[in-house]
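Participant: Contents of final07.csv (CSV, C-alpha atoms and all ligand atoms) are given next:
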```csv
chain,number,residue,atom,x,y,z
Q,1,MET,CA,94.2,62.8,127.5
Q,2,ARG,CA,93.7,64.8,130.6
Q,3,ASN,CA,96.5,66.4,132.5
Q,4,LEU,CA,97.4,65.0,135.8
Q,5,GLY,CA,99.0,66.3,138.9
Q,6,ILE,CA,100.1,63.9,141.6
Q,7,ILE,CA,100.6,63.9,145.4
Q,8,GLY,CA,102.8,61.2,146.9
Q,9,THR,CA,106.0,59.9,145.5
Q,10,ASN,CA,106.0,56.3,146.5
Q,11,TRP,CA,105.8,53.2,144.2
Q,12,ILE,CA,102.0,53.3,144.0
Q,13,THR,CA,102.1,56.7,142.3
Q,14,GLN,CA,104.5,55.4,139.8
Q,15,GLN,CA,102.2,52.5,139.1
Q,16,PHE,CA,99.2,54.8,138.6
Q,17,ILE,CA,101.2,57.1,136.3
Q,18,GLU,CA,102.3,54.1,134.2
Q,19,ALA,CA,98.7,52.8,134.0
Q,20,ALA,CA,97.4,56.3,133.2
Q,21,GLU,CA,99.9,56.9,130.4
Q,22,GLU,CA,99.9,53.3,128.9
Q,23,THR,CA,96.1,53.5,128.6
Q,24,LYS,CA,96.3,57.1,127.3
Q,25,SER,CA,93.9,58.2,130.0
Q,26,PHE,CA,96.0,60.9,131.7
Q,27,LYS,CA,99.4,62.7,131.1
Q,28,LEU,CA,101.6,63.6,134.0
Q,29,THR,CA,102.2,67.4,134.0
Q,30,GLN,CA,102.9,68.3,137.7
Q,31,VAL,CA,104.4,66.6,140.8
Q,32,TYR,CA,103.9,67.7,144.3
Q,33,SER,CA,106.3,66.5,147.0
Q,34,ARG,CA,107.2,67.9,150.4
Q,35,THR,CA,110.6,68.6,149.0
Q,36,GLU,CA,111.6,69.7,145.5
Q,37,GLU,CA,114.6,67.3,145.6
Q,38,LYS,CA,112.2,64.4,146.1
Q,39,ALA,CA,109.9,65.6,143.3
Q,40,GLN,CA,112.9,65.9,141.1
Q,41,ALA,CA,114.2,62.5,142.0
Q,42,PHE,CA,110.7,61.1,141.3
Q,43,VAL,CA,110.5,62.5,137.8
Q,44,GLU,CA,114.0,61.4,137.0
Q,45,LYS,CA,113.1,57.8,138.1
Q,46,LEU,CA,110.2,58.0,135.7
Q,47,GLY,CA,112.6,59.1,133.0
Q,48,LYS,CA,110.6,62.3,132.4
Q,49,SER,CA,111.5,65.9,131.8
Q,50,ASN,CA,109.4,69.1,131.4
Q,51,ILE,CA,107.3,68.2,134.4
Q,52,ASN,CA,106.4,71.1,136.7
Q,53,LEU,CA,107.5,70.5,140.3
Q,54,SER,CA,106.0,72.0,143.5
Q,55,ASP,CA,106.8,71.8,147.2
Q,56,SER,CA,103.8,73.9,148.2
Q,57,LEU,CA,100.3,72.5,148.1
Q,58,GLU,CA,98.9,76.0,147.6
Q,59,SER,CA,100.9,76.8,144.4
Q,60,PHE,CA,100.4,73.2,143.2
Q,61,PHE,CA,96.6,73.5,143.3
Q,62,ALA,CA,96.7,77.1,142.0
Q,63,SER,CA,98.4,75.8,138.8
Q,64,ASP,CA,96.3,75.4,135.7
Q,65,ASP,CA,98.5,72.9,134.0
Q,66,PHE,CA,96.4,70.0,135.2
Q,67,ASP,CA,92.7,69.4,135.8
Q,68,THR,CA,92.9,66.1,137.8
Q,69,VAL,CA,94.9,65.2,140.8
Q,70,TYR,CA,95.8,61.7,142.0
Q,71,ILE,CA,96.4,61.6,145.7
Q,72,ALA,CA,98.5,58.8,147.2
Q,73,SER,CA,99.5,60.2,150.6
Q,74,PRO,CA,99.1,58.6,154.0
Q,75,ASN,CA,95.3,58.0,154.6
Q,76,ALA,CA,94.8,60.8,157.2
Q,77,LEU,CA,96.0,63.4,154.7
Q,78,HIS,CA,93.6,62.5,152.0
Q,79,PHE,CA,90.7,64.6,153.4
Q,80,GLY,CA,92.6,67.9,153.6
Q,81,GLN,CA,94.4,67.5,150.3
Q,82,ALA,CA,91.2,66.4,148.5
Q,83,ARG,CA,89.3,69.3,150.0
Q,84,LEU,CA,91.9,71.8,148.9
Q,85,ALA,CA,91.9,70.2,145.4
Q,86,ILE,CA,88.1,70.5,145.1
Q,87,GLU,CA,88.1,74.1,146.4
Q,88,ASN,CA,90.6,74.8,143.5
Q,89,GLY,CA,88.2,73.2,141.0
Q,90,LYS,CA,90.3,70.0,140.4
Q,91,ASN,CA,88.9,66.6,139.8
Q,92,VAL,CA,90.2,64.2,142.4
Q,93,ILE,CA,91.3,60.5,142.2
Q,94,VAL,CA,92.1,59.7,145.8
Q,95,GLU,CA,93.6,56.4,147.0
Q,96,LYS,CA,91.5,54.2,149.2
Q,97,PRO,CA,90.3,54.8,151.8
Q,98,SER,CA,89.3,58.3,150.6
Q,99,THR,CA,88.7,59.6,154.1
Q,100,SER,CA,89.2,58.5,157.7
Q,101,ASN,CA,85.5,58.8,158.8
Q,102,VAL,CA,82.0,59.5,157.7
Q,103,ARG,CA,82.2,63.2,158.8
Q,104,GLU,CA,85.1,63.9,156.4
Q,105,PHE,CA,83.4,61.9,153.6
Q,106,ALA,CA,80.2,63.9,154.0
Q,107,ILE,CA,82.1,67.2,153.7
Q,108,LEU,CA,83.8,66.1,150.5
Q,109,ASP,CA,80.6,64.7,149.1
Q,110,THR,CA,78.8,68.1,149.6
Q,111,LEU,CA,81.8,70.1,148.3
Q,112,ALA,CA,82.5,68.0,145.2
Q,113,HIS,CA,78.9,68.0,144.2
Q,114,ALA,CA,78.5,71.8,144.8
Q,115,LYS,CA,81.7,72.5,142.8
Q,116,GLY,CA,80.7,70.1,140.0
Q,117,VAL,CA,84.1,68.3,140.1
Q,118,TYR,CA,84.6,64.5,140.1
Q,119,LEU,CA,85.8,62.7,143.2
Q,120,PHE,CA,86.9,59.1,142.6
Q,121,GLU,CA,88.0,56.7,145.2
Q,122,ALA,CA,90.8,54.5,143.7
Q,123,ALA,CA,89.3,51.1,144.6
Q,124,ARG,CA,91.3,49.5,141.7
Q,125,GLN,CA,90.0,45.9,141.9
Q,126,ILE,CA,86.3,46.6,141.3
Q,127,HIS,CA,87.2,48.0,137.8
Q,128,GLU,CA,89.1,45.0,136.6
Q,129,PRO,CA,87.5,42.6,134.1
Q,130,ILE,CA,88.1,39.7,136.5
Q,131,PHE,CA,86.1,41.4,139.2
Q,132,LYS,CA,83.3,42.1,136.8
Q,133,LYS,CA,83.3,38.4,135.9
Q,134,ALA,CA,82.7,37.6,139.6
Q,135,GLN,CA,80.0,40.3,139.7
Q,136,GLU,CA,78.3,38.7,136.7
Q,137,PHE,CA,78.5,35.2,138.4
Q,138,VAL,CA,76.9,36.6,141.6
Q,139,LYS,CA,74.1,38.2,139.5
Q,140,ASP,CA,73.4,35.1,137.5
Q,141,ASN,CA,73.2,33.0,140.7
Q,142,GLN,CA,71.6,35.6,142.9
Q,143,ASP,CA,68.8,33.3,144.1
Q,144,GLU,CA,71.2,30.8,145.6
Q,145,LEU,CA,73.5,33.4,147.1
Q,146,SER,CA,74.3,32.2,150.6
Q,147,GLY,CA,77.2,34.1,152.0
Q,148,ALA,CA,81.0,34.5,151.6
Q,149,THR,CA,84.3,34.2,153.3
Q,150,LEU,CA,86.8,36.8,152.2
Q,151,SER,CA,90.4,36.9,153.1
Q,152,TYR,CA,93.2,39.4,152.6
Q,153,ILE,CA,96.1,38.8,154.9
Q,154,LYS,CA,99.6,40.0,153.8
Q,155,TYR,CA,102.7,40.5,156.0
Q,156,SER,CA,103.4,44.2,155.6
Q,157,SER,CA,106.8,45.3,154.2
Q,158,ARG,CA,106.7,47.9,157.0
Q,159,TYR,CA,106.0,45.4,159.9
Q,160,ASP,CA,109.6,44.6,160.6
Q,161,ASP,CA,110.2,48.3,161.0
Q,162,PHE,CA,107.3,48.5,163.4
Q,163,LEU,CA,108.6,45.4,165.4
Q,164,ALA,CA,112.0,47.2,165.6
Q,165,GLY,CA,110.3,49.9,167.6
Q,166,ASN,CA,109.6,52.5,164.9
Q,167,LEU,CA,106.2,53.8,163.8
Q,168,PRO,CA,105.7,53.6,160.0
Q,169,ASN,CA,102.7,55.6,158.8
Q,170,ILE,CA,100.6,52.5,158.1
Q,171,PHE,CA,100.8,51.3,161.8
Q,172,ASN,CA,100.1,54.8,163.1
Q,173,PRO,CA,96.6,55.9,164.3
Q,174,LYS,CA,97.7,59.5,163.5
Q,175,PHE,CA,97.7,58.5,159.8
Q,176,SER,CA,94.5,56.4,159.9
Q,177,GLY,CA,96.4,53.2,159.3
Q,178,GLY,CA,95.9,49.6,160.3
Q,179,ALA,CA,94.7,46.4,158.7
Q,180,LEU,CA,91.0,47.5,158.2
Q,181,TYR,CA,91.8,50.8,156.5
Q,182,ASP,CA,94.7,49.4,154.4
Q,183,LEU,CA,93.6,45.9,153.3
Q,184,GLY,CA,90.1,45.5,154.8
Q,185,VAL,CA,88.9,48.3,152.6
Q,186,TYR,CA,89.3,46.0,149.5
Q,187,THR,CA,87.2,43.2,151.1
Q,188,VAL,CA,84.6,45.7,152.2
Q,189,TYR,CA,84.5,47.0,148.6
Q,190,ASP,CA,84.0,43.4,147.4
Q,191,ALA,CA,81.1,42.9,149.8
Q,192,VAL,CA,79.4,46.3,149.1
Q,193,VAL,CA,79.7,45.9,145.3
Q,194,LEU,CA,78.7,42.3,145.1
Q,195,PHE,CA,76.1,42.1,147.9
Q,196,GLY,CA,75.2,45.7,148.8
Q,197,ALA,CA,75.4,47.5,152.1
Q,198,PRO,CA,75.2,45.1,155.1
Q,199,ASN,CA,72.5,45.5,157.8
Q,200,SER,CA,75.2,45.4,160.6
Q,201,VAL,CA,78.9,45.2,161.0
Q,202,ASP,CA,81.1,43.7,163.7
Q,203,TYR,CA,84.9,43.8,163.8
Q,204,GLU,CA,87.0,41.8,166.3
Q,205,ALA,CA,90.5,43.3,166.0
Q,206,GLU,CA,93.9,42.4,167.3
Q,207,ILE,CA,95.2,45.8,168.4
Q,208,LEU,CA,98.9,46.5,168.2
Q,209,ASN,CA,100.6,48.6,170.9
Q,210,SER,CA,100.4,51.7,168.6
Q,211,GLY,CA,96.6,51.5,169.0
Q,212,ILE,CA,95.8,50.3,165.5
Q,213,ASP,CA,94.6,46.9,164.3
Q,214,GLY,CA,97.3,44.5,163.0
Q,215,SER,CA,94.7,42.0,162.0
Q,216,GLY,CA,91.2,40.9,162.7
Q,217,SER,CA,87.9,39.4,161.6
Q,218,LEU,CA,84.7,41.1,160.4
Q,219,THR,CA,81.2,39.8,160.2
Q,220,LEU,CA,78.8,41.6,157.8
Q,221,LYS,CA,75.2,40.6,158.3
Q,222,TYR,CA,72.7,40.7,155.4
Q,223,ASP,CA,69.0,39.7,155.3
Q,224,LYS,CA,69.7,36.1,154.3
Q,225,PHE,CA,73.4,35.4,154.9
Q,226,ASP,CA,76.6,36.6,156.6
Q,227,VAL,CA,79.9,37.6,155.0
Q,228,ASN,CA,82.9,36.7,157.1
Q,229,ILE,CA,86.1,38.6,156.4
Q,230,LEU,CA,89.7,37.9,157.6
Q,231,ILE,CA,92.3,40.6,157.3
Q,232,GLY,CA,95.8,41.2,158.5
Q,233,LYS,CA,99.1,42.9,158.0
Q,234,THR,CA,101.2,40.9,160.5
Q,235,LYS,CA,101.2,37.5,158.8
Q,236,ASN,CA,100.8,35.8,155.4
Q,237,SER,CA,97.8,33.8,154.4
Q,238,TYR,CA,97.4,31.7,151.3
Q,239,MET,CA,93.7,31.0,151.9
Q,240,PRO,CA,91.4,31.6,148.9
Q,241,SER,CA,88.2,33.6,149.3
Q,242,GLU,CA,84.8,32.0,148.6
Q,243,ILE,CA,81.3,33.1,147.6
Q,244,TYR,CA,78.6,30.5,148.4
Q,245,PHE,CA,75.6,29.6,146.4
Q,246,GLY,CA,74.2,26.6,148.3
Q,247,LYS,CA,75.9,23.5,146.7
Q,248,LYS,CA,78.0,25.7,144.3
Q,249,THR,CA,80.9,27.9,145.3
Q,250,LEU,CA,83.0,30.6,143.5
Q,251,LEU,CA,86.6,30.7,144.6
Q,252,LEU,CA,88.7,33.8,144.3
Q,253,ASP,CA,92.4,33.4,144.8
Q,254,SER,CA,92.5,36.7,146.7
Q,255,ALA,CA,89.9,39.2,147.9
Q,256,GLY,CA,92.1,42.2,147.1
Q,257,ASP,CA,93.9,41.3,143.9
Q,258,ILE,CA,92.0,38.6,142.1
Q,259,ASN,CA,94.1,36.7,139.5
Q,260,ARG,CA,92.0,33.5,139.3
Q,261,LEU,CA,88.3,32.6,139.5
Q,262,THR,CA,87.2,29.0,139.9
Q,263,GLU,CA,83.8,27.6,140.0
Q,264,ALA,CA,83.0,24.5,142.1
Q,265,ASN,CA,79.8,23.0,140.8
Q,266,GLU,CA,77.2,20.9,142.5
Q,267,GLU,CA,79.4,17.7,141.9
Q,268,LYS,CA,82.3,19.5,143.5
Q,269,LYS,CA,84.1,19.7,140.1
Q,270,LEU,CA,86.5,22.7,139.8
Q,271,THR,CA,86.5,24.7,136.6
Q,272,GLU,CA,88.6,27.8,136.2
Q,273,LEU,CA,86.6,30.6,134.6
Q,274,PRO,CA,88.2,32.3,131.5
Q,275,THR,CA,89.1,35.9,132.4
Q,276,THR,CA,91.6,38.6,131.5
Q,277,LYS,CA,93.9,40.4,133.8
Q,278,SER,CA,96.1,43.4,132.9
Q,279,ASP,CA,99.8,43.4,134.0
Q,280,ASN,CA,99.1,46.7,135.7
Q,281,PRO,CA,96.1,46.3,138.1
Q,282,MET,CA,95.5,50.1,137.9
Q,283,ASP,CA,94.9,50.2,134.1
Q,284,SER,CA,91.1,49.5,134.4
Q,285,GLU,CA,90.4,52.2,136.9
Q,286,ALA,CA,92.5,54.8,135.0
Q,287,ILE,CA,90.5,54.0,131.8
Q,288,GLU,CA,87.2,54.2,133.7
Q,289,PHE,CA,87.8,57.4,135.5
Q,290,ALA,CA,88.9,59.2,132.3
Q,291,ARG,CA,86.0,57.7,130.4
Q,292,ILE,CA,83.4,58.9,133.0
Q,293,MET,CA,84.9,62.4,132.9
Q,294,ASN,CA,85.2,62.6,129.2
Q,295,GLU,CA,81.7,61.3,128.5
Q,296,LYS,CA,80.2,63.1,131.5
Q,297,ASP,CA,78.7,59.8,132.5
Q,298,THR,CA,77.0,60.9,135.7
Q,299,THR,CA,75.1,57.6,136.1
Q,300,SER,CA,78.3,55.6,136.4
Q,301,TYR,CA,79.9,58.3,138.5
Q,302,GLU,CA,77.2,58.4,141.0
Q,303,LYS,CA,77.1,54.6,141.2
Q,304,LEU,CA,80.9,54.6,142.1
Q,305,PHE,CA,80.4,57.5,144.5
Q,306,ASP,CA,77.6,55.6,146.2
Q,307,TYR,CA,79.9,52.5,146.6
Q,308,ALA,CA,82.5,54.8,148.2
Q,309,ARG,CA,79.9,56.3,150.6
Q,310,LYS,CA,78.7,52.9,151.7
Q,311,VAL,CA,82.2,51.5,152.1
Q,312,ASN,CA,83.3,54.5,154.1
Q,313,ARG,CA,80.3,54.0,156.4
Q,314,VAL,CA,81.0,50.3,156.9
Q,315,LEU,CA,84.6,51.0,157.7
Q,316,GLU,CA,83.6,53.5,160.4
Q,317,GLN,CA,81.0,51.1,161.8
Q,318,ALA,CA,83.6,48.3,161.9
Q,319,ARG,CA,86.1,50.6,163.6
Q,320,THR,CA,83.6,51.8,166.2
Q,321,SER,CA,82.6,48.2,167.0
Q,322,ALA,CA,86.3,47.4,167.6
Q,323,GLY,CA,86.9,50.5,169.7
Q,324,LEU,CA,89.4,51.9,167.2
Q,325,VAL,CA,89.9,55.6,167.3
Q,326,PHE,CA,91.9,57.7,164.8
Q,327,GLU,CA,93.3,61.2,165.5
Q,328,ALA,CA,91.1,62.4,162.6
Q,329,ASP,CA,88.0,61.5,164.7
Q,330,LYS,CA,89.1,64.0,167.4
Q,331,GLU,CA,88.5,66.9,165.0
Q,332,GLU,CA,84.7,66.4,165.4
Q,401,LIG,N1,95.7,50.9,145.3
Q,401,LIG,C1,96.7,50.2,145.7
Q,401,LIG,O1,97.0,49.2,145.2
Q,401,LIG,C2,97.5,50.8,146.8
Q,401,LIG,C3,98.8,50.3,147.1
Q,401,LIG,C4,99.6,50.9,148.0
Q,401,LIG,C5,99.1,52.0,148.7
Q,401,LIG,N2,97.9,52.5,148.4
Q,401,LIG,C6,97.4,53.7,149.0
Q,401,LIG,O2,98.2,54.8,148.7
Q,401,LIG,C7,98.3,55.7,149.7
Q,401,LIG,C8,99.8,55.9,150.1
Q,401,LIG,O3,100.3,54.7,150.6
Q,401,LIG,P1,101.9,54.6,150.8
Q,401,LIG,O4,102.1,53.3,151.4
Q,401,LIG,O5,102.6,55.0,149.5
Q,401,LIG,O6,102.1,55.7,151.9
Q,401,LIG,P2,103.4,56.4,152.5
Q,401,LIG,O7,104.6,55.7,151.9
Q,401,LIG,O8,103.4,56.5,153.9
Q,401,LIG,O9,103.4,57.9,151.9
Q,401,LIG,C9,103.1,58.2,150.5
Q,401,LIG,C10,103.7,59.5,150.2
Q,401,LIG,O10,103.1,60.5,151.0
Q,401,LIG,C11,104.1,61.5,151.4
Q,401,LIG,N3,104.2,61.4,152.9
Q,401,LIG,C12,104.7,60.4,153.6
Q,401,LIG,N4,104.7,60.7,154.9
Q,401,LIG,C13,104.2,61.9,155.0
Q,401,LIG,C14,103.9,62.8,156.1
Q,401,LIG,N5,104.2,62.5,157.4
Q,401,LIG,N6,103.3,64.0,155.8
Q,401,LIG,C15,103.1,64.4,154.6
Q,401,LIG,N7,103.3,63.6,153.5
Q,401,LIG,C16,103.8,62.4,153.7
Q,401,LIG,C17,105.4,61.0,150.8
Q,401,LIG,O11,105.6,61.8,149.6
Q,401,LIG,P3,106.6,63.1,149.6
Q,401,LIG,O12,107.7,62.7,150.6
Q,401,LIG,O13,107.0,63.2,148.2
Q,401,LIG,O14,105.9,64.3,150.1
Q,401,LIG,C18,105.2,59.6,150.4
Q,401,LIG,O15,105.8,59.3,149.2
Q,401,LIG,C19,97.5,55.1,150.9
Q,401,LIG,O16,96.3,55.7,151.0
Q,401,LIG,C20,97.4,53.7,150.5
Q,401,LIG,O17,96.2,53.1,151.0
Q,401,LIG,C21,97.1,52.0,147.4
```
Could you express the structure from this file as structure tokens?
Ligand SMILES: NC(=O)c1ccc[n+]([C@@H]2O[C@H](COP(=O)([O-])OP(=O)(O)OC[C@H]3O[C@@H](n4cnc5c(N)ncnc54)[C@H](OP(=O)(O)O)[C@@H]3O)[C@@H](O)[C@H]2O)c1
Facilitator:
Amino acid sequence: MRNLGIIGTNWITQQFIEAAEETKSFKLTQVYSRTEEKAQAFVEKLGKSNINLSDSLESFFASDDFDTVYIASPNALHFGQARLAIENGKNVIVEKPSTSNVREFAILDTLAHAKGVYLFEAARQIHEPIFKKAQEFVKDNQDELSGATLSYIKYSSRYDDFLAGNLPNIFNPKFSGGALYDLGVYTVYDAVVLFGAPNSVDYEAEILNSGIDGSGSLTLKYDKFDVNILIGKTKNSYMPSEIYFGKKTLLLDSAGDINRLTEANEEKKLTELPTTKSDNPMDSEAIEFARIMNEKDTTSYEKLFDYARKVNRVLEQARTSAGLVFEADKEE
């Protein structure tokens, strides 16, 4: 088991630590938080002792009690924290989206490869067996592939706070938030992994008064078909996602967190495909990241890295087409 340091003390970090430890992939050894009290409260909540705590990023990364860091801070902070981690020789697992723009991604790409450390983007869903089943279905029916409609629309737990006049990180352009970068990234991952990089991208966004997108629709154009994507953080949708193969369709109950796959055949008969789904949706990625590092499986690593590179580019193209600007862009 590899030793793990973490940045970010919200529920998602707890979920990753549980996945990492249940699957015996990583063992938590150090926690960074902006305050030591919060770091202490976090380890107490996990029921742990003997975990090193740090409220300084410099001393956190200088520590040799972990070789891999999991970063789950607001999106705009990923770049600086990942860069510091790499400069200190740490492997990085960074929450999606790994960076705010292509410029930042290219810097991390060069640095991580020069330093010989691993940089993983935590796109959890593409590692799950249920996603791989969908991938297999697409591959087996490649000749008939004729497009997709992907939907991921969930009312954000922070939207009421936003409506009350506050500015939670996820609705703040300063932190590279918004529907596209928070939920759209899952759907773009679906498209890039299942169909490859699109030829062109267009995003029509409903922009909130903070300057970020609350919801919107994307069109990804490929040689022979289009992928239409609906995303949003200001409402709830119960619409399934669909991948089309002429007369046949594969239905996914969600584009971001697939729990059920159903095939509609040429006679329009619905059959649920047998799949497995772990209780913790981060189990599969934790296992895969550890496996790649332990086995030095550079082929799998570079394949994942290339997905991340392509997704990052699509996100930036989409954002540009919608006129969305982050503060991180102004560094250029
Ligand atoms: N894969 C998934 O299923 C999934 C689910 C949810 C979120 N995520 C990703 O996880 C990341 C974190 O999301 P979140 O909703 O947990 O974000 P968040 O609540 O806004 O912040 C996460 C952590 O970052 C630190 N932080 C908050 N505001 C900060 C600030 N202004 N300056 C410096 N540090 C700050 C806090 O830790 P301290 O106070 O301890 O410093 C906080 O616990 C995002 O990239 C998101 O996309 C992934």
Participant: Any residue with an atom at most 7 Å from ligand LIG 401 (chain Q) counts, using all atoms listed in the file. Which are they? Put them as a PDB file with C-alpha atoms, in the frame of the given file.
Facilitator:
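This went into part24.pdb:
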```
ATOM      1  CA  ILE Q   7     100.600  63.900 145.400  1.00  0.00           C
ATOM      2  CA  GLY Q   8     102.800  61.200 146.900  1.00  0.00           C
ATOM      3  CA  THR Q   9     106.000  59.900 145.500  1.00  0.00           C
ATOM      4  CA  ASN Q  10     106.000  56.300 146.500  1.00  0.00           C
ATOM      5  CA  TRP Q  11     105.800  53.200 144.200  1.00  0.00           C
ATOM      6  CA  ILE Q  12     102.000  53.300 144.000  1.00  0.00           C
ATOM      7  CA  TYR Q  32     103.900  67.700 144.300  1.00  0.00           C
ATOM      8  CA  SER Q  33     106.300  66.500 147.000  1.00  0.00           C
ATOM      9  CA  ARG Q  34     107.200  67.900 150.400  1.00  0.00           C
ATOM     10  CA  THR Q  35     110.600  68.600 149.000  1.00  0.00           C
ATOM     11  CA  LYS Q  38     112.200  64.400 146.100  1.00  0.00           C
ATOM     12  CA  ALA Q  39     109.900  65.600 143.300  1.00  0.00           C
ATOM     13  CA  ALA Q  72      98.500  58.800 147.200  1.00  0.00           C
ATOM     14  CA  SER Q  73      99.500  60.200 150.600  1.00  0.00           C
ATOM     15  CA  PRO Q  74      99.100  58.600 154.000  1.00  0.00           C
ATOM     16  CA  ASN Q  75      95.300  58.000 154.600  1.00  0.00           C
ATOM     17  CA  GLU Q  95      93.600  56.400 147.000  1.00  0.00           C
ATOM     18  CA  LYS Q  96      91.500  54.200 149.200  1.00  0.00           C
ATOM     19  CA  PRO Q  97      90.300  54.800 151.800  1.00  0.00           C
ATOM     20  CA  ALA Q 122      90.800  54.500 143.700  1.00  0.00           C
ATOM     21  CA  ALA Q 123      89.300  51.100 144.600  1.00  0.00           C
ATOM     22  CA  ARG Q 124      91.300  49.500 141.700  1.00  0.00           C
ATOM     23  CA  ASN Q 169     102.700  55.600 158.800  1.00  0.00           C
ATOM     24  CA  ILE Q 170     100.600  52.500 158.100  1.00  0.00           C
ATOM     25  CA  ASP Q 182      94.700  49.400 154.400  1.00  0.00           C
TER      26      ASP Q 182
END
```
Participant: For CA of Met239 (chain Q) and CA of Ile153 (chain Q), determine how far apart the two atoms are, in Å to one decimal place.
Facilitator: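 So the two atoms, CA of Met239 (chain Q) and CA of Ile153 (chain Q), lie 8.7 Å apart.
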Participant: Which residues, written as a ChimeraX atom specification, have at least one atom at most 7 Å from region 249-256 of chain Q, with all atoms listed in the file counted and residues fewer than 3 positions away on the same chain left out?
Facilitator: /Q:125,150-152,186-187,240-245,259-265
Participant: Between Q:Ala328, Q:Val314, Q:Met282, Q:Ala76, which residue has the minimum interatomic distance to Asn199 (chain Q), considering only C-alpha atoms?
Facilitator: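 With only C-alpha atoms as the atom set, the closest residue is Q:Val314.
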Participant: Taking only C-alpha atoms into account, name the residue in Q:Arg2, Q:Lys303, Q:Lys330, Q:Lys45 that is nearest to Phe66 (chain Q).
Facilitator: Q:Arg2
Participant: Pick out the closest residue to His113 (chain Q) from this set: Q:Glu206, Q:Glu136, Q:Glu87, Q:Glu285. Count all atoms listed in the file.
Facilitator: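 Closest to His113 (chain Q), using all atoms listed in the file: Q:Glu87.
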Participant: What is the CA of Ser63 (chain Q) to CA of Met1 (chain Q) distance in Å?
Facilitator: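 These two atoms are separated by 17.7 Å.
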Participant: Please measure the separation of CA of Pro129 (chain Q) and CA of Ser278 (chain Q), giving the value in Å to one decimal.
Facilitator: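 That distance, rounded to one decimal, is 8.7 Å.
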Participant: Give me, as a compact mmCIF listing (two decimals) with C-alpha atoms, in the coordinates of the input, all polymer residues having an atom no more than 10 Å from Ser200 (chain Q), counting all atoms listed in the file and skipping those fewer than 4 positions away in the same chain.
Facilitator:
```txt
# COMPACT_ATOMS: atom_id res chain seq x y z
CA THR Q 219 81.20 39.80 160.20
CA LEU Q 220 78.80 41.60 157.80
CA LYS Q 221 75.20 40.60 158.30
CA TYR Q 222 72.70 40.70 155.40
CA ASP Q 223 69.00 39.70 155.30
CA ASP Q 226 76.60 36.60 156.60
CA VAL Q 314 81.00 50.30 156.90
CA GLN Q 317 81.00 51.10 161.80
CA ALA Q 318 83.60 48.30 161.90
```
